[in-house]
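*Asks:* Sharing upload-v9.pdb, PDB, C-alpha atoms:
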```pdb
MODEL        1
ATOM      1  CA  MET A   1     113.969 123.415  17.367  1.00  0.00           C
ATOM      2  CA  ASN A   2     112.465 120.589  19.388  1.00  0.00           C
ATOM      3  CA  SER A   3     112.314 120.883  23.184  1.00  0.00           C
ATOM      4  CA  PRO A   4     111.943 118.583  25.031  1.00  0.00           C
ATOM      5  CA  ASN A   5     113.939 116.967  22.306  1.00  0.00           C
ATOM      6  CA  ASN A   6     112.933 113.782  20.542  1.00  0.00           C
ATOM      7  CA  PRO A   7     114.788 111.493  21.118  1.00  0.00           C
ATOM      8  CA  THR A   8     117.296 112.775  23.719  1.00  0.00           C
ATOM      9  CA  GLY A   9     114.818 114.318  26.154  1.00  0.00           C
ATOM     10  CA  ARG A  10     116.954 117.452  26.376  1.00  0.00           C
ATOM     11  CA  VAL A  11     115.176 120.653  27.476  1.00  0.00           C
ATOM     12  CA  TYR A  12     117.065 123.665  26.158  1.00  0.00           C
ATOM     13  CA  PRO A  13     117.667 126.295  28.858  1.00  0.00           C
ATOM     14  CA  ARG A  14     116.321 129.818  28.637  1.00  0.00           C
ATOM     15  CA  SER A  15     119.807 131.258  28.092  1.00  0.00           C
ATOM     16  CA  GLU A  16     120.315 129.238  24.904  1.00  0.00           C
ATOM     17  CA  ILE A  17     116.860 130.076  23.552  1.00  0.00           C
ATOM     18  CA  GLU A  18     117.388 133.779  24.243  1.00  0.00           C
ATOM     19  CA  ALA A  19     120.768 133.638  22.495  1.00  0.00           C
ATOM     20  CA  LEU A  20     119.152 131.936  19.507  1.00  0.00           C
ATOM     21  CA  GLY A  21     116.449 134.593  19.375  1.00  0.00           C
ATOM     22  CA  LYS A  22     119.035 137.386  19.428  1.00  0.00           C
ATOM     23  CA  LEU A  23     120.992 135.641  16.677  1.00  0.00           C
ATOM     24  CA  ILE A  24     117.921 135.516  14.446  1.00  0.00           C
ATOM     25  CA  ASP A  25     117.015 139.133  15.126  1.00  0.00           C
ATOM     26  CA  SER A  26     120.524 140.408  14.398  1.00  0.00           C
ATOM     27  CA  ARG A  27     121.828 138.064  11.697  1.00  0.00           C
ATOM     28  CA  ALA A  28     118.802 136.497   9.993  1.00  0.00           C
ATOM     29  CA  PRO A  29     115.793 138.829  10.259  1.00  0.00           C
ATOM     30  CA  GLN A  30     114.155 136.993   7.347  1.00  0.00           C
ATOM     31  CA  ALA A  31     114.131 133.709   9.291  1.00  0.00           C
ATOM     32  CA  THR A  32     111.495 132.309  11.633  1.00  0.00           C
ATOM     33  CA  LEU A  33     112.231 130.228  14.718  1.00  0.00           C
ATOM     34  CA  VAL A  34     109.803 127.303  14.837  1.00  0.00           C
ATOM     35  CA  ALA A  35     109.458 125.301  18.045  1.00  0.00           C
ATOM     36  CA  ASP A  36     108.098 121.763  17.772  1.00  0.00           C
ATOM     37  CA  GLU A  37     106.710 121.154  21.268  1.00  0.00           C
ATOM     38  CA  PRO A  38     104.537 118.009  21.465  1.00  0.00           C
ATOM     39  CA  TYR A  39     106.361 116.947  24.646  1.00  0.00           C
ATOM     40  CA  ARG A  40     106.172 120.327  26.401  1.00  0.00           C
ATOM     41  CA  LYS A  41     104.005 118.992  29.248  1.00  0.00           C
ATOM     42  CA  LEU A  42     105.976 115.762  29.620  1.00  0.00           C
ATOM     43  CA  VAL A  43     108.888 117.013  31.731  1.00  0.00           C
ATOM     44  CA  PHE A  44     110.454 115.623  34.887  1.00  0.00           C
ATOM     45  CA  ASP A  45     112.163 116.692  38.106  1.00  0.00           C
ATOM     46  CA  GLY A  46     110.677 120.193  38.199  1.00  0.00           C
ATOM     47  CA  VAL A  47     112.136 121.201  34.820  1.00  0.00           C
ATOM     48  CA  SER A  48     110.250 123.898  32.900  1.00  0.00           C
ATOM     49  CA  VAL A  49     110.296 124.578  29.172  1.00  0.00           C
ATOM     50  CA  PRO A  50     111.068 128.230  28.292  1.00  0.00           C
ATOM     51  CA  SER A  51     108.878 129.851  25.654  1.00  0.00           C
ATOM     52  CA  ILE A  52     110.464 130.809  22.340  1.00  0.00           C
ATOM     53  CA  LEU A  53     107.753 133.446  21.950  1.00  0.00           C
ATOM     54  CA  GLU A  54     109.649 135.479  24.550  1.00  0.00           C
ATOM     55  CA  ALA A  55     112.932 135.160  22.638  1.00  0.00           C
ATOM     56  CA  THR A  56     111.951 136.720  19.304  1.00  0.00           C
ATOM     57  CA  VAL A  57     108.837 138.038  17.596  1.00  0.00           C
ATOM     58  CA  ARG A  58     109.815 135.942  14.572  1.00  0.00           C
ATOM     59  CA  SER A  59     108.649 132.753  16.254  1.00  0.00           C
ATOM     60  CA  VAL A  60     106.065 130.027  15.761  1.00  0.00           C
ATOM     61  CA  VAL A  61     105.037 127.232  18.124  1.00  0.00           C
ATOM     62  CA  ALA A  62     103.715 123.943  16.739  1.00  0.00           C
ATOM     63  CA  SER A  63     102.341 121.317  19.069  1.00  0.00           C
ATOM     64  CA  SER A  64     100.213 118.195  19.246  1.00  0.00           C
ATOM     65  CA  PHE A  65      97.731 116.897  21.787  1.00  0.00           C
ATOM     66  CA  SER A  66      98.575 113.312  20.867  1.00  0.00           C
ATOM     67  CA  LYS A  67     101.403 113.169  23.443  1.00  0.00           C
ATOM     68  CA  ASP A  68      99.769 115.370  26.123  1.00  0.00           C
ATOM     69  CA  LEU A  69      96.710 113.138  26.197  1.00  0.00           C
ATOM     70  CA  GLY A  70      98.332 109.804  25.355  1.00  0.00           C
ATOM     71  CA  ILE A  71      96.529 109.408  22.022  1.00  0.00           C
ATOM     72  CA  ALA A  72      99.505 108.924  19.717  1.00  0.00           C
ATOM     73  CA  GLY A  73      98.439 108.712  16.098  1.00  0.00           C
ATOM     74  CA  GLU A  74      95.688 111.311  16.446  1.00  0.00           C
ATOM     75  CA  ARG A  75      97.050 114.169  14.370  1.00  0.00           C
ATOM     76  CA  ILE A  76      95.420 117.038  16.210  1.00  0.00           C
ATOM     77  CA  GLY A  77      97.234 120.069  17.562  1.00  0.00           C
ATOM     78  CA  PHE A  78      97.794 123.750  16.949  1.00  0.00           C
ATOM     79  CA  LEU A  79     100.056 126.357  15.395  1.00  0.00           C
ATOM     80  CA  ALA A  80     100.689 129.606  17.307  1.00  0.00           C
ATOM     81  CA  VAL A  81     102.311 132.530  15.504  1.00  0.00           C
ATOM     82  CA  HIS A  82     103.748 135.389  17.557  1.00  0.00           C
ATOM     83  CA  PRO A  83     101.209 138.264  17.420  1.00  0.00           C
ATOM     84  CA  GLU A  84     103.961 140.698  16.373  1.00  0.00           C
ATOM     85  CA  HIS A  85     105.540 138.504  13.688  1.00  0.00           C
ATOM     86  CA  PRO A  86     105.984 140.778  10.647  1.00  0.00           C
ATOM     87  CA  ASP A  87     104.743 138.010   8.304  1.00  0.00           C
ATOM     88  CA  ARG A  88     101.994 136.756  10.615  1.00  0.00           C
ATOM     89  CA  ALA A  89      99.124 137.169   8.143  1.00  0.00           C
ATOM     90  CA  ALA A  90     100.969 135.400   5.330  1.00  0.00           C
ATOM     91  CA  LEU A  91     102.078 132.567   7.614  1.00  0.00           C
ATOM     92  CA  LEU A  92      98.561 131.931   8.911  1.00  0.00           C
ATOM     93  CA  ALA A  93      97.122 132.098   5.401  1.00  0.00           C
ATOM     94  CA  ALA A  94      99.673 129.578   4.152  1.00  0.00           C
ATOM     95  CA  ALA A  95      98.968 127.258   7.076  1.00  0.00           C
ATOM     96  CA  THR A  96      95.215 127.465   6.487  1.00  0.00           C
ATOM     97  CA  PHE A  97      95.631 126.789   2.781  1.00  0.00           C
ATOM     98  CA  SER A  98      97.887 123.779   3.336  1.00  0.00           C
ATOM     99  CA  MET A  99      95.447 122.222   5.819  1.00  0.00           C
ATOM    100  CA  ARG A 100      92.563 122.662   3.403  1.00  0.00           C
ATOM    101  CA  THR A 101      94.435 121.101   0.513  1.00  0.00           C
ATOM    102  CA  LEU A 102      95.670 118.249   2.717  1.00  0.00           C
ATOM    103  CA  GLY A 103      92.257 117.588   4.209  1.00  0.00           C
ATOM    104  CA  PHE A 104      93.069 114.007   5.151  1.00  0.00           C
ATOM    105  CA  VAL A 105      95.235 115.176   8.072  1.00  0.00           C
ATOM    106  CA  ASN A 106      92.428 117.169   9.673  1.00  0.00           C
ATOM    107  CA  ALA A 107      90.978 115.730  12.855  1.00  0.00           C
ATOM    108  CA  PRO A 108      87.207 115.025  12.835  1.00  0.00           C
ATOM    109  CA  ALA A 109      85.063 117.920  14.067  1.00  0.00           C
ATOM    110  CA  LEU A 110      84.001 115.903  17.122  1.00  0.00           C
ATOM    111  CA  GLN A 111      87.643 115.415  18.157  1.00  0.00           C
ATOM    112  CA  GLN A 112      88.381 119.095  17.662  1.00  0.00           C
ATOM    113  CA  ARG A 113      85.518 120.074  19.979  1.00  0.00           C
ATOM    114  CA  LEU A 114      86.611 117.534  22.564  1.00  0.00           C
ATOM    115  CA  VAL A 115      90.262 118.561  22.613  1.00  0.00           C
ATOM    116  CA  ALA A 116      89.317 122.243  22.927  1.00  0.00           C
ATOM    117  CA  ARG A 117      88.030 121.379  26.414  1.00  0.00           C
ATOM    118  CA  LEU A 118      91.186 119.489  27.348  1.00  0.00           C
ATOM    119  CA  THR A 119      93.883 122.101  26.756  1.00  0.00           C
ATOM    120  CA  GLY A 120      94.871 122.018  30.433  1.00  0.00           C
ATOM    121  CA  ALA A 121      94.848 118.224  30.710  1.00  0.00           C
ATOM    122  CA  ARG A 122      97.719 115.797  30.338  1.00  0.00           C
ATOM    123  CA  VAL A 123      98.612 112.196  31.002  1.00  0.00           C
ATOM    124  CA  ASP A 124     100.150 111.172  34.325  1.00  0.00           C
ATOM    125  CA  VAL A 125     103.749 112.338  33.785  1.00  0.00           C
ATOM    126  CA  GLU A 126     104.863 110.466  36.900  1.00  0.00           C
ATOM    127  CA  GLN A 127     104.295 107.217  35.029  1.00  0.00           C
ATOM    128  CA  TYR A 128     106.824 108.293  32.396  1.00  0.00           C
ATOM    129  CA  ARG A 129     109.301 109.409  35.052  1.00  0.00           C
ATOM    130  CA  VAL A 130     109.093 106.038  36.782  1.00  0.00           C
ATOM    131  CA  ARG A 131     109.654 104.232  33.484  1.00  0.00           C
ATOM    132  CA  ARG A 132     112.517 106.583  32.591  1.00  0.00           C
ATOM    133  CA  ASP A 133     114.323 105.843  35.863  1.00  0.00           C
ATOM    134  CA  LEU A 134     113.604 102.131  35.505  1.00  0.00           C
ATOM    135  CA  ALA A 135     114.991 102.069  31.955  1.00  0.00           C
ATOM    136  CA  LEU A 136     118.098 104.087  32.833  1.00  0.00           C
ATOM    137  CA  ALA A 137     118.955 101.843  35.783  1.00  0.00           C
ATOM    138  CA  GLY A 138     118.343  98.614  33.871  1.00  0.00           C
ATOM    139  CA  LEU A 139     120.279  99.697  30.793  1.00  0.00           C
ATOM    140  CA  ALA A 140     123.190 100.838  32.964  1.00  0.00           C
ATOM    141  CA  ARG A 141     123.317  97.410  34.633  1.00  0.00           C
ATOM    142  CA  ALA A 142     123.282  95.836  31.175  1.00  0.00           C
ATOM    143  CA  GLY A 143     126.333  97.909  30.207  1.00  0.00           C
ATOM    144  CA  TYR A 144     124.826 100.803  28.231  1.00  0.00           C
ATOM    145  CA  GLU A 145     125.593 104.519  28.424  1.00  0.00           C
ATOM    146  CA  CYS A 146     122.661 106.916  28.319  1.00  0.00           C
ATOM    147  CA  VAL A 147     122.113 110.588  29.137  1.00  0.00           C
ATOM    148  CA  LYS A 148     119.256 111.201  31.573  1.00  0.00           C
ATOM    149  CA  PRO A 149     116.269 112.709  29.706  1.00  0.00           C
ATOM    150  CA  GLU A 150     114.664 115.830  31.181  1.00  0.00           C
ATOM    151  CA  GLY A 151     111.402 115.240  29.335  1.00  0.00           C
ATOM    152  CA  GLY A 152     109.672 113.326  26.580  1.00  0.00           C
ATOM    153  CA  MET A 153     108.900 109.629  26.372  1.00  0.00           C
ATOM    154  CA  PHE A 154     112.174 108.083  25.200  1.00  0.00           C
ATOM    155  CA  VAL A 155     115.684 107.197  26.293  1.00  0.00           C
ATOM    156  CA  PHE A 156     118.539 107.371  23.798  1.00  0.00           C
ATOM    157  CA  PRO A 157     121.414 105.000  24.673  1.00  0.00           C
ATOM    158  CA  ALA A 158     124.711 104.782  22.822  1.00  0.00           C
ATOM    159  CA  SER A 159     125.120 101.647  20.747  1.00  0.00           C
ATOM    160  CA  PRO A 160     127.714  99.243  22.213  1.00  0.00           C
ATOM    161  CA  THR A 161     128.868  98.377  18.683  1.00  0.00           C
ATOM    162  CA  ARG A 162     130.143 100.496  15.817  1.00  0.00           C
ATOM    163  CA  ASP A 163     127.410  99.287  13.455  1.00  0.00           C
ATOM    164  CA  TYR A 164     124.451 100.652  15.377  1.00  0.00           C
ATOM    165  CA  VAL A 165     121.954  99.783  12.624  1.00  0.00           C
ATOM    166  CA  GLU A 166     122.996  96.145  12.644  1.00  0.00           C
ATOM    167  CA  PHE A 167     122.823  96.198  16.438  1.00  0.00           C
ATOM    168  CA  ALA A 168     119.212  97.412  16.263  1.00  0.00           C
ATOM    169  CA  ARG A 169     118.487  94.551  13.869  1.00  0.00           C
ATOM    170  CA  ARG A 170     120.173  92.132  16.258  1.00  0.00           C
ATOM    171  CA  LEU A 171     117.973  93.290  19.109  1.00  0.00           C
ATOM    172  CA  ALA A 172     114.874  92.696  17.000  1.00  0.00           C
ATOM    173  CA  ARG A 173     116.020  89.426  15.461  1.00  0.00           C
ATOM    174  CA  THR A 174     117.442  87.672  18.503  1.00  0.00           C
ATOM    175  CA  GLN A 175     115.724  89.354  21.474  1.00  0.00           C
ATOM    176  CA  ARG A 176     112.446  90.612  19.981  1.00  0.00           C
ATOM    177  CA  ILE A 177     113.236  94.137  21.176  1.00  0.00           C
ATOM    178  CA  LEU A 178     112.311  96.940  18.784  1.00  0.00           C
ATOM    179  CA  VAL A 179     114.382 100.140  18.850  1.00  0.00           C
ATOM    180  CA  VAL A 180     114.950 102.905  16.304  1.00  0.00           C
ATOM    181  CA  PRO A 181     118.491 103.609  14.989  1.00  0.00           C
ATOM    182  CA  GLY A 182     119.704 107.119  15.767  1.00  0.00           C
ATOM    183  CA  SER A 183     120.423 107.941  12.132  1.00  0.00           C
ATOM    184  CA  GLY A 184     116.719 108.712  11.724  1.00  0.00           C
ATOM    185  CA  PHE A 185     117.271 111.622  14.112  1.00  0.00           C
ATOM    186  CA  GLY A 186     120.626 112.760  12.759  1.00  0.00           C
ATOM    187  CA  ALA A 187     122.495 110.965  15.555  1.00  0.00           C
ATOM    188  CA  PRO A 188     124.340 107.881  14.292  1.00  0.00           C
ATOM    189  CA  GLY A 189     125.790 105.653  16.980  1.00  0.00           C
ATOM    190  CA  PHE A 190     122.677 105.703  19.175  1.00  0.00           C
ATOM    191  CA  PHE A 191     119.235 104.123  19.235  1.00  0.00           C
ATOM    192  CA  ARG A 192     115.868 105.234  20.608  1.00  0.00           C
ATOM    193  CA  VAL A 193     113.898 103.261  23.177  1.00  0.00           C
ATOM    194  CA  SER A 194     110.254 104.150  23.828  1.00  0.00           C
ATOM    195  CA  LEU A 195     108.858 104.520  27.339  1.00  0.00           C
ATOM    196  CA  ALA A 196     105.263 104.308  26.078  1.00  0.00           C
ATOM    197  CA  VAL A 197     104.972 100.680  27.169  1.00  0.00           C
ATOM    198  CA  PRO A 198     104.142  99.083  30.538  1.00  0.00           C
ATOM    199  CA  ALA A 199     106.896  99.077  33.159  1.00  0.00           C
ATOM    200  CA  SER A 200     106.766  95.271  33.131  1.00  0.00           C
ATOM    201  CA  THR A 201     107.708  95.269  29.433  1.00  0.00           C
ATOM    202  CA  ILE A 202     110.697  97.518  30.154  1.00  0.00           C
ATOM    203  CA  GLU A 203     111.825  95.234  32.987  1.00  0.00           C
ATOM    204  CA  ARG A 204     111.596  92.120  30.825  1.00  0.00           C
ATOM    205  CA  SER A 205     113.780  93.718  28.163  1.00  0.00           C
ATOM    206  CA  PHE A 206     116.938  94.109  30.256  1.00  0.00           C
ATOM    207  CA  ALA A 207     118.069  90.510  29.941  1.00  0.00           C
ATOM    208  CA  GLY A 208     117.709  90.776  26.175  1.00  0.00           C
ATOM    209  CA  PHE A 209     119.654  94.018  26.036  1.00  0.00           C
ATOM    210  CA  GLU A 210     122.492  92.396  27.969  1.00  0.00           C
ATOM    211  CA  LYS A 211     122.519  89.287  25.765  1.00  0.00           C
ATOM    212  CA  ALA A 212     122.597  91.370  22.595  1.00  0.00           C
ATOM    213  CA  ARG A 213     125.476  93.494  23.889  1.00  0.00           C
ATOM    214  CA  THR A 214     127.636  90.548  24.853  1.00  0.00           C
ATOM    215  CA  ALA A 215     126.800  88.369  21.821  1.00  0.00           C
TER     216      ALA A 215
ENDMDL
END
```
Kindly transcribe the structure held in the file into structure tokens.

*Replies:*
Amino acid sequence: MNSPNNPTGRVYPRSEIEALGKLIDSRAPQATLVADEPYRKLVFDGVSVPSILEATVRSVVASSFSKDLGIAGERIGFLAVHPEHPDRAALLAAATFSMRTLGFVNAPALQQRLVARLTGARVDVEQYRVRRDLALAGLARAGYECVKPEGGMFVFPASPTRDYVEFARRLARTQRILVVPGSGFGAPGFFRVSLAVPASTIERSFAGFEKARTA
């Protein structure tokens, strides 16, 4: 699971995570619940992200500092296995082995030492909230429907046309606006817009979004 979700920004409530943990414990005791949480610290409006480690002992948390610290592209993070996971030793051994065989994804030692001192740090989340609200308001004025994200660094509007892939191409070709079709996230009919750009860039895009929709 991925919470806050990429690309919707949905933060799954504690009740749903607890229900999922109970389902695994009772129906699939051989399974492991893995939470992908690179956006855990990027949440808005007082929302908190419940821990899956409290839902089931068969749980693993994977995260990345690249979003917390605004250094996208730096593949450095951590894997946390529940201390009571029955297969903990085997899981950690497999993870260690895979990282050693895929050495090219390891962060340099200097970066690892630096990030170890920044575990409590994060980028200014208020900047993302301001851009989120700006994007939602501008897209709504341009005629788009979009659910309000609770976290993350994207908005995920519905495509105004049936062929959402062609619409994404139209945005790029005619308005020089780059978005990602929702099919890449298992959600056809939508497209992802990044908030990791200056607010001025977001503001300048609204006219282009409106032109593309009405073309």

*Asks:* Tell me which of A:Val34, A:Leu114, A:Met153, A:Ala158 sits closest to Tyr128 of chain A, counting all atoms listed in the file.

*Replies:*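 Closest residue, counting all atoms listed in the file: A:Met153.
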
*Asks:* Ala55 of chain A: which residues within 12 Å, counting all atoms listed in the file, same-chain residues fewer than 2 positions away excluded, as JSON, numbers by chain?

*Replies:* {"A": [13, 14, 15, 16, 17, 18, 19, 20, 21, 22, 23, 24, 25, 32, 33, 34, 35, 50, 51, 52, 53, 57, 58, 59, 60, 82]}

*Asks:* Using C-alpha atoms, can you export the residues from the last selection as a PDB file, in the frame of the given file?

*Replies:*
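Once written, part_39.pdb looks like this:
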```pdb
ATOM      1  CA  PRO A  13     117.667 126.295  28.858  1.00  0.00           C
ATOM      2  CA  ARG A  14     116.321 129.818  28.637  1.00  0.00           C
ATOM      3  CA  SER A  15     119.807 131.258  28.092  1.00  0.00           C
ATOM      4  CA  GLU A  16     120.315 129.238  24.904  1.00  0.00           C
ATOM      5  CA  ILE A  17     116.860 130.076  23.552  1.00  0.00           C
ATOM      6  CA  GLU A  18     117.388 133.779  24.243  1.00  0.00           C
ATOM      7  CA  ALA A  19     120.768 133.638  22.495  1.00  0.00           C
ATOM      8  CA  LEU A  20     119.152 131.936  19.507  1.00  0.00           C
ATOM      9  CA  GLY A  21     116.449 134.593  19.375  1.00  0.00           C
ATOM     10  CA  LYS A  22     119.035 137.386  19.428  1.00  0.00           C
ATOM     11  CA  LEU A  23     120.992 135.641  16.677  1.00  0.00           C
ATOM     12  CA  ILE A  24     117.921 135.516  14.446  1.00  0.00           C
ATOM     13  CA  ASP A  25     117.015 139.133  15.126  1.00  0.00           C
ATOM     14  CA  THR A  32     111.495 132.309  11.633  1.00  0.00           C
ATOM     15  CA  LEU A  33     112.231 130.228  14.718  1.00  0.00           C
ATOM     16  CA  VAL A  34     109.803 127.303  14.837  1.00  0.00           C
ATOM     17  CA  ALA A  35     109.458 125.301  18.045  1.00  0.00           C
ATOM     18  CA  PRO A  50     111.068 128.230  28.292  1.00  0.00           C
ATOM     19  CA  SER A  51     108.878 129.851  25.654  1.00  0.00           C
ATOM     20  CA  ILE A  52     110.464 130.809  22.340  1.00  0.00           C
ATOM     21  CA  LEU A  53     107.753 133.446  21.950  1.00  0.00           C
ATOM     22  CA  VAL A  57     108.837 138.038  17.596  1.00  0.00           C
ATOM     23  CA  ARG A  58     109.815 135.942  14.572  1.00  0.00           C
ATOM     24  CA  SER A  59     108.649 132.753  16.254  1.00  0.00           C
ATOM     25  CA  VAL A  60     106.065 130.027  15.761  1.00  0.00           C
ATOM     26  CA  HIS A  82     103.748 135.389  17.557  1.00  0.00           C
TER      27      HIS A  82
END
```

*Asks:* Going by the chain IDs and residue numbers used in this file, which residues fall under the PyMOL selection byres ((chain A and resi 166) around 12)? Write them as a PyMOL selection string.

*Replies:* chain A and resi 159-165+167-174+179-182+188-191+212-213

*Asks:* Could you tell me how far atom CA of Thr8 of chain A lies from atom CA of Cys146 of chain A, in Å and to one decimal?

*Replies:*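 Computed distance, atom CA of Thr8 of chain A to atom CA of Cys146 of chain A, equals 9.2 Å.
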
*Asks:* Edge lengths and centre, in Å to one decimal, as JSON: that's what I need for the box along x, y and z that holds all listed atoms of segment 121-124 of chain A plus 3 Å on each side.

*Replies:*
```
{"center_x": 97.5, "center_y": 114.7, "center_z": 32.3, "size_x": 11.3, "size_y": 13.1, "size_z": 10.0}
```

*Asks:* Take the point (113.7, 107.7, 26.3) as written in the file and pick out every residue within 12 Å of it, counting only C-alpha atoms; give the list as a PyMOL selection string.

*Replies:* chain A and resi 4-10+39+42-43+128-136+139+146-158+179-180+190-197+202

*Asks:* Rank A:Ala116, A:Ala207, A:Ala109, A:Val11 by their smallest atom-to-atom distance to Phe44 of chain A, using all atoms listed in the file, and report the top residue only.

*Replies:* A:Val11

*Asks:* I'd like the interatomic distance between atom CA of Ser183 of chain A and atom CA of Met1 of chain A, to a tenth of an Å.

*Replies:* 17.6 Å

*Asks:* Measure the distance from atom CA of Ala107 of chain A to atom CA of Glu74 of chain A in Å and round it to one decimal.

*Replies:* 7.4 Å

*Asks:* Using all atoms listed in the file, which of A:Val61, A:Leu91, A:Val49, A:Ile76 sits nearest Leu110 of chain A?

*Replies:*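 The closest residue to Leu110 of chain A is A:Ile76.
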
*Asks:* Evaluate the PyMOL selection byres ((chain A and resi 121) around 10) and record the selected residues as a list in words, following the chain and residue labels used in the document.

*Replies:*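 Taken over the shown coordinates, the PyMOL selection byres ((chain A and resi 121) around 10) returns Lys41, Phe65, Asp68, Leu69, Val115, Arg117, Leu118, Thr119, Gly120, Arg122, Val123 and Asp124 of chain A.
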
*Asks:* Convert the current residue selection to file output with C-alpha atoms, as a JSON list (two decimals), keeping the file's coordinate frame.

*Replies:*
```
[["chain", "number", "residue", "atom", "x", "y", "z"],
["A", 41, "LYS", "CA", 104.00, 118.99, 29.25],
["A", 65, "PHE", "CA", 97.73, 116.90, 21.79],
["A", 68, "ASP", "CA", 99.77, 115.37, 26.12],
["A", 69, "LEU", "CA", 96.71, 113.14, 26.20],
["A", 115, "VAL", "CA", 90.26, 118.56, 22.61],
["A", 117, "ARG", "CA", 88.03, 121.38, 26.41],
["A", 118, "LEU", "CA", 91.19, 119.49, 27.35],
["A", 119, "THR", "CA", 93.88, 122.10, 26.76],
["A", 120, "GLY", "CA", 94.87, 122.02, 30.43],
["A", 122, "ARG", "CA", 97.72, 115.80, 30.34],
["A", 123, "VAL", "CA", 98.61, 112.20, 31.00],
["A", 124, "ASP", "CA", 100.15, 111.17, 34.33]]
```

*Asks:* My list of candidates is A:Ser205, A:Thr101, A:Thr56, A:Ser64. Which is closest to Ile177 of chain A when distances are computed with all atoms listed in the file?

*Replies:*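 Counting all atoms listed in the file, the residue closest to Ile177 of chain A is A:Ser205.
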
*Asks:* Take the PyMOL selection byres ((chain A and resi 75) around 12), run it mentally on this structure, and tell me the resulting residues as a ChimeraX atom specification.

*Replies:* /A:38,63-67,69-74,76-78,99,103-108,111-112,115

*Asks:* So which one's closest to Ala31 of chain A, A:Pro86, A:Ala62, A:Arg204, A:Ser48? Using all atoms listed in the file, please.

*Replies:*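 Result for the nearest residue to Ala31 of chain A: A:Pro86.
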
*Asks:* Output as a PDB file, in the coordinates of the input: segment 115-130 of chain A, completed with N, CA and C atoms.

*Replies:*
```pdb
ATOM      1  N   VAL A 115      88.931 118.131  22.209  1.00  0.00           N
ATOM      2  CA  VAL A 115      90.262 118.561  22.613  1.00  0.00           C
ATOM      3  C   VAL A 115      90.263 120.013  23.076  1.00  0.00           C
ATOM      4  N   ALA A 116      89.395 120.836  22.511  1.00  0.00           N
ATOM      5  CA  ALA A 116      89.317 122.243  22.927  1.00  0.00           C
ATOM      6  C   ALA A 116      89.012 122.365  24.416  1.00  0.00           C
ATOM      7  N   ARG A 117      88.362 121.352  24.983  1.00  0.00           N
ATOM      8  CA  ARG A 117      88.030 121.379  26.414  1.00  0.00           C
ATOM      9  C   ARG A 117      89.101 120.703  27.271  1.00  0.00           C
ATOM     10  N   LEU A 118      90.148 120.236  26.621  1.00  0.00           N
ATOM     11  CA  LEU A 118      91.186 119.489  27.348  1.00  0.00           C
ATOM     12  C   LEU A 118      92.552 120.145  27.251  1.00  0.00           C
ATOM     13  N   THR A 119      92.593 121.434  26.952  1.00  0.00           N
ATOM     14  CA  THR A 119      93.883 122.101  26.756  1.00  0.00           C
ATOM     15  C   THR A 119      94.733 122.124  28.020  1.00  0.00           C
ATOM     16  N   GLY A 120      94.098 122.022  29.187  1.00  0.00           N
ATOM     17  CA  GLY A 120      94.871 122.018  30.433  1.00  0.00           C
ATOM     18  C   GLY A 120      95.163 120.630  30.951  1.00  0.00           C
ATOM     19  N   ALA A 121      94.682 119.605  30.245  1.00  0.00           N
ATOM     20  CA  ALA A 121      94.848 118.224  30.710  1.00  0.00           C
ATOM     21  C   ALA A 121      96.137 117.616  30.174  1.00  0.00           C
ATOM     22  N   ARG A 122      96.572 116.544  30.816  1.00  0.00           N
ATOM     23  CA  ARG A 122      97.719 115.797  30.338  1.00  0.00           C
ATOM     24  C   ARG A 122      97.705 114.418  30.983  1.00  0.00           C
ATOM     25  N   VAL A 123      98.487 113.520  30.418  1.00  0.00           N
ATOM     26  CA  VAL A 123      98.612 112.196  31.002  1.00  0.00           C
ATOM     27  C   VAL A 123      99.380 112.297  32.316  1.00  0.00           C
ATOM     28  N   ASP A 124      99.415 111.205  33.060  1.00  0.00           N
ATOM     29  CA  ASP A 124     100.150 111.172  34.325  1.00  0.00           C
ATOM     30  C   ASP A 124     101.655 111.111  34.031  1.00  0.00           C
ATOM     31  N   VAL A 125     102.318 112.258  34.123  1.00  0.00           N
ATOM     32  CA  VAL A 125     103.749 112.338  33.785  1.00  0.00           C
ATOM     33  C   VAL A 125     104.590 111.483  34.730  1.00  0.00           C
ATOM     34  N   GLU A 126     104.115 111.278  35.943  1.00  0.00           N
ATOM     35  CA  GLU A 126     104.863 110.466  36.900  1.00  0.00           C
ATOM     36  C   GLU A 126     105.088 109.058  36.377  1.00  0.00           C
ATOM     37  N   GLN A 127     104.137 108.555  35.603  1.00  0.00           N
ATOM     38  CA  GLN A 127     104.295 107.217  35.029  1.00  0.00           C
ATOM     39  C   GLN A 127     105.499 107.168  34.085  1.00  0.00           C
ATOM     40  N   TYR A 128     105.671 108.225  33.299  1.00  0.00           N
ATOM     41  CA  TYR A 128     106.824 108.293  32.396  1.00  0.00           C
ATOM     42  C   TYR A 128     108.128 108.451  33.176  1.00  0.00           C
ATOM     43  N   ARG A 129     108.082 109.236  34.258  1.00  0.00           N
ATOM     44  CA  ARG A 129     109.301 109.409  35.052  1.00  0.00           C
ATOM     45  C   ARG A 129     109.734 108.080  35.678  1.00  0.00           C
ATOM     46  N   VAL A 130     108.771 107.342  36.195  1.00  0.00           N
ATOM     47  CA  VAL A 130     109.093 106.038  36.782  1.00  0.00           C
ATOM     48  C   VAL A 130     109.703 105.114  35.737  1.00  0.00           C
TER      49      VAL A 130
END
```
